[in-house]
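First up is the structure itself, then whatever we jot down about it.
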Amino acid sequence: MFIFKYQATSSDGRHSKGKLEAPDSDSALAILMAQGFKVFALEKISQGGTSQSAESAKRPFRLNHISKQRISHDEILVCIQELSTLLNAGIPLADALLNIARGHESRPLGAALQTAYSSLRSGSSLAVALKNSGLNLPDYVHELVKAGEETGKLGASLQSASQQMEADASFRRETRNALTYPMVLIASGLLATLVVFIFVVPKFANILTNPKADIPVFSRWVLQSGLWLVNNKLMAAAVLAGAAMGIWMTLSRQDVRDKLWETASTLPVIGQWISHVELARWASMFAVLLEHHVPLLDALRHSQNSLSGHGWRHKAELIAKDVKTGHALAAAMQAHHFLDPVGLNLIRVGEQSGKLAHTTGSLAQMHRTHAQQSMKQFLILLEPVTILMVSVLLGGIMISVMLAITSLTNVI
């Protein structure tokens with residue numbers, strides 16, 4: 001058994017301090033919490049009279065040392081799921097948050113959760129504590145947590161938030177997996193082209209020195225390019241590395257990605273897929289917010305953050321402004337061409353029946369199904385087109401070499 005000194009705030013707001021005997025710091029904290037105290041300082045005293053920082057006092061320093069490291073989306077999702085499970089099982093909020101923080105204490109997530117726990121113990125709401133913790137949570141999660149605290153259904157709100165985060169993560173995974181095979185084909189084609197340019201084309205470069213050879217312009221360009229690559233390997237590597245770095249830095253900018261996404265939305269097949277993806281994500285988030293009694297205007301404002309394209313976000317902003325001035329939601333969406341007739345009818349029925357969250361959820365499922373079908377159609381076209389492009393590129397190089405060789409028949 002150890003003696004602990006503590007400082008805490010009682011349930012009526014009075015400051016209290018004293019000593020407590022317990023086998024460890026967790027037990028001491030549990031005893032004080034059972035007595036209605038909010039503990040903000042706890043120190044363990046050894047039998048020899050010297051004191052050392054308790055485990056809970058040491059953690060902030062150790063966690064702050066790693067708090068600047070990046071926290072992955074998967075870790076955040078698991079954290080929200082754990083917190084939802086503990087709250088639905090009847091565990092008090094502070095205990096649940098502290099247990100999760102200790103379970104992740106060796107990672108940056110633990111530092112953020114420890115910060116949230118300290119803020120919660122000082123009297124902040126969970127929504128404020130999570131927002132100030134450094135966790136990069138989507139805006140709708142903060143709104144759902146706030147709604148859950150107001151309605152007394154925090155566990156259910158966190159569960160809905162985790163489901164929405166899982167849906168977003170699933171969409172990102174499906175998109176990456178769908179594009180992996182075409183990207184591998186393109187990379188393989190470029191690598192094969194580079195190998196041909198470096199090791200095959202230069203073997204026939206001496207044809208260029210024959211003044212009597214009638215070499216076609218395209219063949220001459222291919223042979224000269226291969227010869228240049230062989231003679232300037234380091235420069236070529238530097239150019240390729242610089243180009244790759246430039247592309248990466250360009251694509252790392254959010255405005256560039258939004259512009260590319262906007263441009264892709266105008267293409268014949270992929271444009272339909274993008275439209276369904278945007279609407280499915282928006283409708284899903286909007287439905288979740290409404291289910292947890294988030295006010296309509298706040299739900300519109302937060303759900304528009306799920307839209308990636310500038311055009312879609314602009315339409316959502318205009319719809320929110322119209323609703324704020326007294327227009328019906330379906331009428332505002334129709335005026336700004338946000339949904340098709342089927343979607344508008346679902347929104348209109350939801351407004352009239354008072355079940356807007358339910359009909360919007362159905363709208364999200366409808367567009368999610370259409371998005372999957374559009375993705376399959378896009379991949380059906382993308383794979384053969386990619387193979388055709390690679391074949392044309394390699395075939396063009398080989399044909400140019402053969403044409404250069406056949407040009408020597410004029411010399412013979």
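Naming scheme: A, B, ... for chains in displayed order of the structure tokens; residues 1 onward per chain; ligands 1 onward as shown.
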Where does segment 292-380 of chain A meet segment 143-148 of chain A within 12 Å, residue by residue, with the nearest atom pair and distance in Å to one decimal for each, counting only C-alpha atoms, listed by chain and rising number, as CSV?
residue,atom,partner,partner_atom,distance
A:His292,CA,A:Ala147,CA,6.2
A:His293,CA,A:Ala147,CA,6.6
A:Val294,CA,A:Ala147,CA,6.1
A:Pro295,CA,A:Ala147,CA,9.3
A:Asp298,CA,A:Glu143,CA,8.4
A:Ala299,CA,A:Glu143,CA,8.5
A:Leu300,CA,A:Glu143,CA,11.6
A:Arg301,CA,A:Glu143,CA,10.6
A:His302,CA,A:Glu143,CA,8.0
A:Ser303,CA,A:Glu143,CA,10.4
Write the residues you've just listed into a file as a CSV table (one decimal), in the first residue's frame, and include C-alpha atoms for each of them.
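Generated output (part_27.csv):
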chain,number,residue,atom,x,y,z
A,292,HIS,CA,-28.9,12.8,-33.9
A,293,HIS,CA,-31.0,16.0,-33.8
A,294,VAL,CA,-28.4,18.3,-35.2
A,295,PRO,CA,-30.3,21.5,-36.4
A,298,ASP,CA,-25.9,23.2,-38.9
A,299,ALA,CA,-26.3,19.8,-40.6
A,300,LEU,CA,-26.2,21.5,-44.0
A,301,ARG,CA,-23.1,23.5,-43.1
A,302,HIS,CA,-21.2,20.5,-41.8
A,303,SER,CA,-22.3,18.0,-44.5
query = Skipping near chain neighbours, those fewer than 5 positions away, what residues fall within 12 Å of Ala331 of chain A using only C-alpha atoms, listed as a list in words?
reply = Leu318, Ile319, Ala320, Asp322, Val323, Gly326, His336, His337, Phe338, Leu339, Pro341, Gly343, Leu344, Asn345, Ile347, Arg348 and Glu351 of chain A
| request: Excluding Glu75 of chain A and residues on its chain fewer than 2 positions from it, collect all residues at most 10 Å away from it, counting only C-alpha atoms, and give them as JSON, numbers by chain. | output: {"A": [71, 72, 73, 77, 78, 79, 80, 81, 104, 107, 108, 109]}
Now that the selection is made, can you save its residues with N, CA and C atoms as a PDB file, in the first residue's frame?
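Writing the result to again_10.pdb gives the following:
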ATOM      1  N   ILE A  71      -0.765  11.032 -36.434  1.00  0.00           N
ATOM      2  CA  ILE A  71      -1.742  10.028 -36.023  1.00  0.00           C
ATOM      3  C   ILE A  71      -2.507   9.599 -37.260  1.00  0.00           C
ATOM      4  N   SER A  72      -2.522   8.302 -37.540  1.00  0.00           N
ATOM      5  CA  SER A  72      -3.170   7.804 -38.746  1.00  0.00           C
ATOM      6  C   SER A  72      -4.690   7.811 -38.594  1.00  0.00           C
ATOM      7  N   HIS A  73      -5.371   7.810 -39.731  1.00  0.00           N
ATOM      8  CA  HIS A  73      -6.839   7.775 -39.722  1.00  0.00           C
ATOM      9  C   HIS A  73      -7.351   6.467 -39.112  1.00  0.00           C
ATOM     10  N   LEU A  77      -9.959   6.097 -36.009  1.00  0.00           N
ATOM     11  CA  LEU A  77     -11.201   5.337 -36.159  1.00  0.00           C
ATOM     12  C   LEU A  77     -11.333   4.293 -35.059  1.00  0.00           C
ATOM     13  N   VAL A  78     -10.250   3.567 -34.781  1.00  0.00           N
ATOM     14  CA  VAL A  78     -10.285   2.561 -33.712  1.00  0.00           C
ATOM     15  C   VAL A  78     -10.561   3.219 -32.361  1.00  0.00           C
ATOM     16  N   CYS A  79      -9.985   4.392 -32.138  1.00  0.00           N
ATOM     17  CA  CYS A  79     -10.208   5.113 -30.878  1.00  0.00           C
ATOM     18  C   CYS A  79     -11.680   5.463 -30.696  1.00  0.00           C
ATOM     19  N   ILE A  80     -12.311   6.007 -31.735  1.00  0.00           N
ATOM     20  CA  ILE A  80     -13.732   6.372 -31.644  1.00  0.00           C
ATOM     21  C   ILE A  80     -14.590   5.130 -31.433  1.00  0.00           C
ATOM     22  N   GLN A  81     -14.238   4.030 -32.102  1.00  0.00           N
ATOM     23  CA  GLN A  81     -14.992   2.790 -31.923  1.00  0.00           C
ATOM     24  C   GLN A  81     -14.853   2.263 -30.501  1.00  0.00           C
ATOM     25  N   HIS A 104      -3.014   3.378 -25.404  1.00  0.00           N
ATOM     26  CA  HIS A 104      -2.248   3.899 -26.550  1.00  0.00           C
ATOM     27  C   HIS A 104      -1.130   4.831 -26.065  1.00  0.00           C
ATOM     28  N   ARG A 107       2.029   5.651 -28.127  1.00  0.00           N
ATOM     29  CA  ARG A 107       1.858   6.204 -29.480  1.00  0.00           C
ATOM     30  C   ARG A 107       1.338   7.639 -29.392  1.00  0.00           C
ATOM     31  N   PRO A 108       1.439   8.395 -30.479  1.00  0.00           N
ATOM     32  CA  PRO A 108       0.962   9.791 -30.457  1.00  0.00           C
ATOM     33  C   PRO A 108      -0.508   9.911 -30.090  1.00  0.00           C
ATOM     34  N   LEU A 109      -1.304   8.884 -30.428  1.00  0.00           N
ATOM     35  CA  LEU A 109      -2.715   8.925 -30.086  1.00  0.00           C
ATOM     36  C   LEU A 109      -2.920   9.049 -28.586  1.00  0.00           C
TER      37      LEU A 109
END
Show me, as a PyMOL selection string, the residues that have an atom within 12 Å of Leu179 of chain A when counting only C-alpha atoms, minus same-chain residues fewer than 5 positions from it.
chain A and resi 172-174+184-186+375-376+378-380+382-383+386
Sorted by chain and rising residue number, which residues of segment 125-197 of chain A lie within 10 Å of segment 224-228 of chain A, and what are their closest atom pairs and distances in Å to one decimal, counting only C-alpha atoms, as CSV?
residue,atom,partner,partner_atom,distance
A:Leu194,CA,A:Gly226,CA,8.9
A:Val195,CA,A:Gly226,CA,9.7
A:Val196,CA,A:Gly226,CA,8.2
A:Phe197,CA,A:Gly226,CA,4.7
Check the DSSP output for the backbone and give back, as an mmCIF file with C-alpha atoms, in the first residue's frame, the residues of segment 130-241 of chain A in alpha helix (DSSP H).
data_model
loop_
_atom_site.group_PDB
_atom_site.id
_atom_site.type_symbol
_atom_site.label_atom_id
_atom_site.label_comp_id
_atom_site.auth_asym_id
_atom_site.auth_seq_id
_atom_site.Cartn_x
_atom_site.Cartn_y
_atom_site.Cartn_z
ATOM 1 C CA LEU A 130 -11.686 16.349 -28.493
ATOM 2 C CA LYS A 131 -11.481 19.518 -30.570
ATOM 3 C CA ASP A 139 -16.151 18.333 -38.425
ATOM 4 C CA TYR A 140 -19.192 16.083 -38.353
ATOM 5 C CA VAL A 141 -17.668 14.039 -35.501
ATOM 6 C CA HIS A 142 -17.479 17.131 -33.275
ATOM 7 C CA GLU A 143 -21.066 17.997 -34.207
ATOM 8 C CA LEU A 144 -22.278 14.460 -33.449
ATOM 9 C CA VAL A 145 -20.471 14.434 -30.092
ATOM 10 C CA LYS A 146 -22.056 17.751 -29.208
ATOM 11 C CA ALA A 147 -25.508 16.445 -30.182
ATOM 12 C CA GLY A 148 -24.925 13.244 -28.197
ATOM 13 C CA GLU A 149 -24.035 15.208 -25.072
ATOM 14 C CA GLU A 150 -27.113 17.378 -25.442
ATOM 15 C CA THR A 151 -29.483 14.436 -25.993
ATOM 16 C CA LEU A 154 -23.302 10.029 -26.520
ATOM 17 C CA GLY A 155 -22.524 6.352 -27.098
ATOM 18 C CA ALA A 156 -24.949 6.116 -30.011
ATOM 19 C CA SER A 157 -23.647 9.369 -31.491
ATOM 20 C CA LEU A 158 -20.053 8.129 -31.347
ATOM 21 C CA GLN A 159 -21.126 4.850 -32.909
ATOM 22 C CA SER A 160 -22.725 6.735 -35.810
ATOM 23 C CA ALA A 161 -19.599 8.852 -36.143
ATOM 24 C CA SER A 162 -17.396 5.754 -36.294
ATOM 25 C CA GLN A 163 -19.679 4.192 -38.911
ATOM 26 C CA GLN A 164 -19.462 7.316 -41.052
ATOM 27 C CA MET A 165 -15.676 7.410 -40.655
ATOM 28 C CA GLU A 166 -15.517 3.732 -41.611
ATOM 29 C CA ALA A 167 -17.627 4.443 -44.698
ATOM 30 C CA ASP A 168 -15.246 7.235 -45.711
ATOM 31 C CA ALA A 169 -12.228 4.989 -45.136
ATOM 32 C CA SER A 170 -13.879 2.172 -47.072
ATOM 33 C CA PHE A 171 -14.475 4.498 -50.015
ATOM 34 C CA ARG A 172 -10.808 5.535 -50.019
ATOM 35 C CA ARG A 173 -9.688 1.889 -49.885
ATOM 36 C CA GLU A 174 -12.019 0.845 -52.691
ATOM 37 C CA THR A 175 -10.822 3.697 -54.875
ATOM 38 C CA ARG A 176 -7.153 2.846 -54.254
ATOM 39 C CA ASN A 177 -7.744 -0.859 -54.893
ATOM 40 C CA ALA A 178 -9.685 -0.157 -58.072
ATOM 41 C CA LEU A 179 -6.903 2.015 -59.474
ATOM 42 C CA THR A 180 -4.026 -0.257 -58.412
ATOM 43 C CA TYR A 181 -4.130 -2.577 -61.432
ATOM 44 C CA PRO A 182 -4.256 0.215 -64.058
ATOM 45 C CA MET A 183 -1.458 2.066 -62.265
ATOM 46 C CA VAL A 184 0.668 -1.097 -62.247
ATOM 47 C CA LEU A 185 0.053 -1.503 -65.976
ATOM 48 C CA ILE A 186 1.079 2.081 -66.662
ATOM 49 C CA ALA A 187 4.199 1.809 -64.484
ATOM 50 C CA SER A 188 5.175 -1.475 -66.142
ATOM 51 C CA GLY A 189 4.673 0.035 -69.589
ATOM 52 C CA LEU A 190 6.814 3.052 -68.767
ATOM 53 C CA LEU A 191 9.535 0.836 -67.298
ATOM 54 C CA ALA A 192 9.526 -1.429 -70.366
ATOM 55 C CA THR A 193 9.692 1.638 -72.616
ATOM 56 C CA LEU A 194 12.663 2.981 -70.672
ATOM 57 C CA VAL A 195 14.462 -0.370 -70.920
ATOM 58 C CA VAL A 217 11.429 11.363 -89.029
ATOM 59 C CA PHE A 218 9.771 9.387 -86.231
ATOM 60 C CA SER A 219 12.441 6.662 -86.399
ATOM 61 C CA ARG A 220 15.181 9.259 -86.302
ATOM 62 C CA TRP A 221 13.629 10.859 -83.216
ATOM 63 C CA VAL A 222 13.372 7.489 -81.425
ATOM 64 C CA LEU A 223 16.991 6.553 -82.212
ATOM 65 C CA GLN A 224 18.307 9.956 -81.177
ATOM 66 C CA SER A 225 16.346 9.787 -77.911
ATOM 67 C CA GLY A 226 17.772 6.376 -77.074
ATOM 68 C CA LEU A 227 21.276 7.530 -77.872
ATOM 69 C CA TRP A 228 20.826 10.630 -75.696
ATOM 70 C CA LEU A 229 19.603 8.528 -72.758
ATOM 71 C CA VAL A 230 22.648 6.286 -72.962
ATOM 72 C CA ASN A 231 25.072 9.197 -73.099
ATOM 73 C CA LYS A 233 22.120 8.752 -67.826
ATOM 74 C CA LEU A 234 22.730 10.999 -64.831
ATOM 75 C CA MET A 235 21.046 14.014 -66.418
ATOM 76 C CA ALA A 236 18.083 11.876 -67.483
ATOM 77 C CA ALA A 237 17.767 10.467 -63.968
ATOM 78 C CA ALA A 238 17.895 13.989 -62.507
ATOM 79 C CA VAL A 239 15.222 15.183 -64.954
ATOM 80 C CA LEU A 240 12.963 12.234 -64.133
ATOM 81 C CA ALA A 241 13.470 12.705 -60.388
#
Quick one: everything within 6 Å of segment 85-101 of chain A, counting only C-alpha atoms, minus sequence neighbours fewer than 2 positions away in the same chain. Send it as a ChimeraX atom specification. /A:82-83,103-105,110,113-114,155
Just-selected residues, C-alpha atoms written as a compact mmCIF listing (two decimals), in the first residue's frame:
# COMPACT_ATOMS: atom_id res chain seq x y z
CA GLU A 82 -13.44 1.87 -28.56
CA LEU A 83 -14.91 4.93 -26.88
CA GLY A 103 -3.91 1.65 -23.96
CA HIS A 104 -2.25 3.90 -26.55
CA GLU A 105 0.25 5.65 -24.26
CA GLY A 110 -2.19 8.47 -26.36
CA LEU A 113 -6.25 11.37 -25.59
CA GLN A 114 -4.41 12.34 -22.41
CA GLY A 155 -22.52 6.35 -27.10
